[in-house]
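*Asks:* Structure incoming, see below.
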Amino acid sequence: MTRTRRILTSILAVLALSSSVRAQGFLKFERDSVPFFQGVAVSVDLAGAAQLQLSDYGQLEAALRVNLHNQYFPTFEVGLGKASHEDDQVTGISYRTKAPYFRLGADVNLMKKKHTGNRIFAGVRYACTYYKVDMDRQNFPDPVWKWDTGFGVRDEKCNQHWAEVLLGIDAKVAGPLHLGWSVRYRKRLFHDDGQQEKTWYVPGYGIQESTRLGYTFNLTIDI
């Protein structure tokens, strides 16, 4: 019941935000004869790919988005998260993982004029990943007891489920091409780190100790 309440709380928060904006007169949808189904779009996240090239963790991510009347956008996101963190300066631990992750949710276009191709949107996601980790620490003597403190973990099975609330912008560049970004707040719902107290990196979520806010920079093509 606790897990369900957490998910519902995140969804209700976004709905409350949309209702508040609409009540203030910003979210006034046009009455028109535009068809309800407006097609689908595919996108890739350029920020995650750049992060993977410039640091020791990151992700490759793509999304499929359905356009309903330029107003509602059911969205499915899938990615591959990867980390290769060698010999941490604080703990001396090396950490490696590589696994897919999935997100499912929807966005709402908050623009007053929703058929221009430019959008300001709010949305929610439910996300999960099932992954395995390898962890190593080289042998060195304990300063007090003098025994070796090295260890190794292989294929430790872990999983994590979390919710995301997001705000973003999607701008039409030319023809079917769009560029946009989103800022996301993440809330971990439940998880299993196996025999470890906490894994360093979770695919699709990020670094455990510091990750609450995330971002994407998307290149999108309407189909």
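In the structure tokens, chains take letters A, B, ... by order of appearance, with residues numbered from 1 within each chain and ligands from 1 in the order shown.
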Quick one: residues within 6 Å of A:Val124, only C-alpha atoms counted, chain neighbours fewer than 6 positions away excluded, as a VMD selection string?
*Replies:* chain A and resid 105 to 106 164 to 165
*Asks:* Please produce a file of those selected residues containing C-alpha atoms, as an mmCIF file, in the first residue's frame.
*Replies:*
data_model
loop_
_atom_site.group_PDB
_atom_site.id
_atom_site.type_symbol
_atom_site.label_atom_id
_atom_site.label_comp_id
_atom_site.auth_asym_id
_atom_site.auth_seq_id
_atom_site.Cartn_x
_atom_site.Cartn_y
_atom_site.Cartn_z
ATOM 1 C CA GLY A 105 4.080 7.992 -18.449
ATOM 2 C CA ALA A 106 2.484 10.979 -20.149
ATOM 3 C CA GLU A 164 9.627 11.194 -11.927
ATOM 4 C CA VAL A 165 7.874 14.561 -12.204
#
*Asks:* I want to know what sits within 6 Å of A:Gly180, based on only C-alpha atoms, with residues of the same chain fewer than 5 positions away left out; could you give that as a short mmCIF file (atom, residue, chain, number, x, y, z; two decimals) with all heavy atoms, in the first residue's frame?
*Replies:*
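Contents of the output file selection39.cif:
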data_model
loop_
_atom_site.label_atom_id
_atom_site.label_comp_id
_atom_site.auth_asym_id
_atom_site.auth_seq_id
_atom_site.Cartn_x
_atom_site.Cartn_y
_atom_site.Cartn_z
N ILE A 169 10.44 21.85 -22.36
CA ILE A 169 10.13 22.66 -23.53
C ILE A 169 10.46 21.85 -24.77
O ILE A 169 11.47 21.14 -24.82
CB ILE A 169 10.94 23.97 -23.53
CG1 ILE A 169 10.45 24.91 -22.41
CG2 ILE A 169 10.84 24.69 -24.87
CD1 ILE A 169 11.26 26.17 -22.29
N ASP A 170 9.60 21.96 -25.79
CA ASP A 170 9.82 21.29 -27.07
C ASP A 170 9.59 22.33 -28.16
O ASP A 170 8.48 22.87 -28.28
CB ASP A 170 8.86 20.11 -27.22
CG ASP A 170 9.15 19.29 -28.46
OD1 ASP A 170 10.32 18.99 -28.70
OD2 ASP A 170 8.19 18.96 -29.18
N ALA A 171 10.62 22.64 -28.95
CA ALA A 171 10.53 23.69 -29.95
C ALA A 171 10.69 23.12 -31.35
O ALA A 171 11.59 22.32 -31.61
CB ALA A 171 11.61 24.75 -29.70
N PHE A 217 18.22 16.40 -22.98
CA PHE A 217 18.22 17.32 -24.14
C PHE A 217 17.87 16.46 -25.35
O PHE A 217 18.66 15.60 -25.74
CB PHE A 217 19.57 18.00 -24.32
CG PHE A 217 19.56 19.02 -25.42
CD1 PHE A 217 19.03 20.28 -25.20
CD2 PHE A 217 20.07 18.72 -26.67
CE1 PHE A 217 19.01 21.23 -26.23
CE2 PHE A 217 20.06 19.66 -27.70
CZ PHE A 217 19.53 20.92 -27.47
N ASN A 218 16.68 16.67 -25.90
CA ASN A 218 16.10 15.72 -26.84
C ASN A 218 16.09 16.25 -28.27
O ASN A 218 15.75 17.43 -28.53
CB ASN A 218 14.65 15.39 -26.44
CG ASN A 218 14.58 14.79 -25.07
OD1 ASN A 218 15.33 13.86 -24.74
ND2 ASN A 218 13.69 15.31 -24.24
#
*Asks:* For A:Pro176, please output as a PyMOL selection string all residues within 9 Å (counting only C-alpha atoms; exclusion window: fewer than 6 positions along the same chain).
*Replies:* chain A and resi 41+220-223
*Asks:* Write the residues you've just listed into a file as a PDB file, in the first residue's frame, and include N, CA and C atoms for each of them.
*Replies:*
ATOM      1  N   ALA A  41       6.010  10.315 -32.509  1.00  0.00           N
ATOM      2  CA  ALA A  41       7.334  10.894 -32.670  1.00  0.00           C
ATOM      3  C   ALA A  41       8.345  10.015 -31.957  1.00  0.00           C
ATOM      4  N   THR A 220      13.986  15.306 -31.531  1.00  0.00           N
ATOM      5  CA  THR A 220      12.735  14.587 -31.800  1.00  0.00           C
ATOM      6  C   THR A 220      12.338  14.742 -33.255  1.00  0.00           C
ATOM      7  N   ILE A 221      11.833  13.665 -33.838  1.00  0.00           N
ATOM      8  CA  ILE A 221      11.341  13.688 -35.219  1.00  0.00           C
ATOM      9  C   ILE A 221       9.906  13.166 -35.237  1.00  0.00           C
ATOM     10  N   ASP A 222       8.980  13.969 -35.771  1.00  0.00           N
ATOM     11  CA  ASP A 222       7.600  13.532 -35.942  1.00  0.00           C
ATOM     12  C   ASP A 222       7.505  12.556 -37.107  1.00  0.00           C
ATOM     13  N   ILE A 223       6.733  11.505 -36.918  1.00  0.00           N
ATOM     14  CA  ILE A 223       6.563  10.503 -37.960  1.00  0.00           C
ATOM     15  C   ILE A 223       5.151  10.613 -38.557  1.00  0.00           C
TER      16      ILE A 223
END
*Asks:* For A:Tyr131, which residue out of A:Gln71, A:Asn109, A:Thr199, A:Ser55 is the nearest one, using only C-alpha atoms?
*Replies:*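 Using only C-alpha atoms, A:Tyr131 sits closest to A:Thr199.
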*Asks:* Could you work out how far atom CA of A:Ala99 lies from atom CA of A:Gly204, giving the answer in Å with one decimal?
*Replies:* 9.0 Å
*Asks:* Please, what distance in Å, to one decimal, runs between atom CA of A:Phe76 and atom CA of A:Leu60?
*Replies:*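 Straight-line distance from atom CA of A:Phe76 to atom CA of A:Leu60 works out to 14.4 Å.
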*Asks:* To one decimal place in Å, what is the distance between atom CA of A:Phe37 and atom CA of A:Gly117?
*Replies:*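 Going from atom CA of A:Phe37 over to atom CA of A:Gly117 covers 14.7 Å.
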*Asks:* Using only C-alpha atoms for the distances, tell me which of A:Ala174, A:Leu179, A:Tyr215, A:His115 is nearest to A:Val42.
*Replies:*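 Checking each candidate against A:Val42, we get A:Leu179 as the closest.
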*Asks:* Could you go through stretch 21-128 of chain A and tell me which residues DSSP, when run on the backbone, assigns to strand (DSSP E or B), listing them as number ranges by chain?
*Replies:* A: 37-45, 57-68, 72-85, 93-109, 119-128
*Asks:* Check the smallest atom-to-atom distance from each of A:Thr216, A:Asn118, A:Thr97, A:Thr129 to A:Arg184 using only C-alpha atoms, then report the winner.
*Replies:*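 Of A:Thr216, A:Asn118, A:Thr97, A:Thr129, the one nearest A:Arg184 is A:Thr216, counting only C-alpha atoms.
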*Asks:* Can you tell me, as a VMD selection string, what residues are no more than 10 Å from A:Asn159 when counting only C-alpha atoms, ignoring any on the same chain fewer than 3 positions away?
*Replies:* chain A and resid 101 128 to 132 190 to 194 202 to 203
*Asks:* Generate the output file for the selected residues, N, CA and C atoms, as a compact mmCIF listing (two decimals), in the first residue's frame.
*Replies:*
# COMPACT_ATOMS: atom_id res chain seq x y z
N TYR A 101 16.85 0.14 -18.85
CA TYR A 101 15.83 0.68 -17.96
C TYR A 101 14.64 1.15 -18.80
N CYS A 128 11.70 1.81 -13.99
CA CYS A 128 12.29 0.67 -13.30
C CYS A 128 13.50 0.16 -14.06
N THR A 129 14.37 -0.53 -13.34
CA THR A 129 15.51 -1.20 -13.94
C THR A 129 15.86 -2.42 -13.11
N TYR A 130 16.32 -3.46 -13.78
CA TYR A 130 16.86 -4.66 -13.14
C TYR A 130 18.28 -4.81 -13.67
N TYR A 131 19.26 -4.82 -12.78
CA TYR A 131 20.65 -4.74 -13.20
C TYR A 131 21.54 -5.60 -12.31
N LYS A 132 22.75 -5.84 -12.80
CA LYS A 132 23.76 -6.57 -12.05
C LYS A 132 24.99 -5.68 -11.89
N PHE A 190 10.94 1.94 -4.38
CA PHE A 190 11.45 0.76 -3.67
C PHE A 190 12.61 0.17 -4.47
N HIS A 191 13.44 -0.60 -3.79
CA HIS A 191 14.66 -1.08 -4.42
C HIS A 191 15.19 -2.30 -3.69
N ASP A 192 16.11 -2.99 -4.36
CA ASP A 192 16.82 -4.13 -3.79
C ASP A 192 18.26 -4.06 -4.29
N ASP A 193 19.19 -3.78 -3.39
CA ASP A 193 20.60 -3.68 -3.74
C ASP A 193 21.37 -4.97 -3.47
N GLY A 194 20.65 -6.07 -3.36
CA GLY A 194 21.30 -7.34 -3.13
C GLY A 194 21.98 -7.37 -1.77
N VAL A 202 22.74 3.61 -10.51
CA VAL A 202 21.58 2.85 -10.96
C VAL A 202 21.26 3.27 -12.39
N PRO A 203 21.21 2.34 -13.35
CA PRO A 203 20.92 2.69 -14.74
C PRO A 203 19.61 3.45 -14.87
*Asks:* Got a sec to tell me which of stretch 38-183 of chain A DSSP assigns to alpha helix (DSSP H), as a VMD selection string?
*Replies:* chain A and resid 46 to 54
*Asks:* I'd like a table as JSON lines: residues in stretch 62-178 of chain A with an atom no more than 10 Å from stretch 48-52 of chain A, each row giving the shortest atom pair and its distance in Å to one decimal, only C-alpha atoms counted, sorted by chain and rising residue number.
*Replies:*
{"residue": "A:Gly79", "atom": "CA", "partner": "A:Gly48", "partner_atom": "CA", "distance": 9.6}
{"residue": "A:Leu80", "atom": "CA", "partner": "A:Gly48", "partner_atom": "CA", "distance": 9.9}
{"residue": "A:Gly81", "atom": "CA", "partner": "A:Leu52", "partner_atom": "CA", "distance": 8.8}
{"residue": "A:Lys82", "atom": "CA", "partner": "A:Leu52", "partner_atom": "CA", "distance": 7.7}
{"residue": "A:Ala83", "atom": "CA", "partner": "A:Leu52", "partner_atom": "CA", "distance": 8.3}
{"residue": "A:Ser84", "atom": "CA", "partner": "A:Leu52", "partner_atom": "CA", "distance": 10.0}
*Asks:* Let me see the file: selected residues, C-alpha atoms, as a PDB file, in the first residue's frame.
*Replies:*
ATOM      1  CA  GLY A  79      17.581   3.269 -22.377  1.00  0.00           C
ATOM      2  CA  LEU A  80      20.832   1.516 -21.600  1.00  0.00           C
ATOM      3  CA  GLY A  81      22.678   2.806 -18.534  1.00  0.00           C
ATOM      4  CA  LYS A  82      26.365   2.103 -18.016  1.00  0.00           C
ATOM      5  CA  ALA A  83      28.995   2.847 -15.371  1.00  0.00           C
ATOM      6  CA  SER A  84      32.676   1.959 -15.132  1.00  0.00           C
TER       7      SER A  84
END
*Asks:* Can you work out which one of A:Cys158, A:Val34, A:Leu167, A:Ala127 has the shortest atom-to-atom distance to A:Tyr205, counting only C-alpha atoms?
*Replies:* A:Ala127
*Asks:* Counting only C-alpha atoms, which residue out of A:Lys98, A:His85, A:His69, A:Arg119 sits closest to A:Lys172?
*Replies:* A:Arg119
*Asks:* Determine the nearest neighbour of A:Gln195 from the options A:Val183, A:Ala163, A:Met135, A:Val40, counting only C-alpha atoms.
*Replies:*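 The shortest atom-to-atom distance to A:Gln195 comes from A:Met135.
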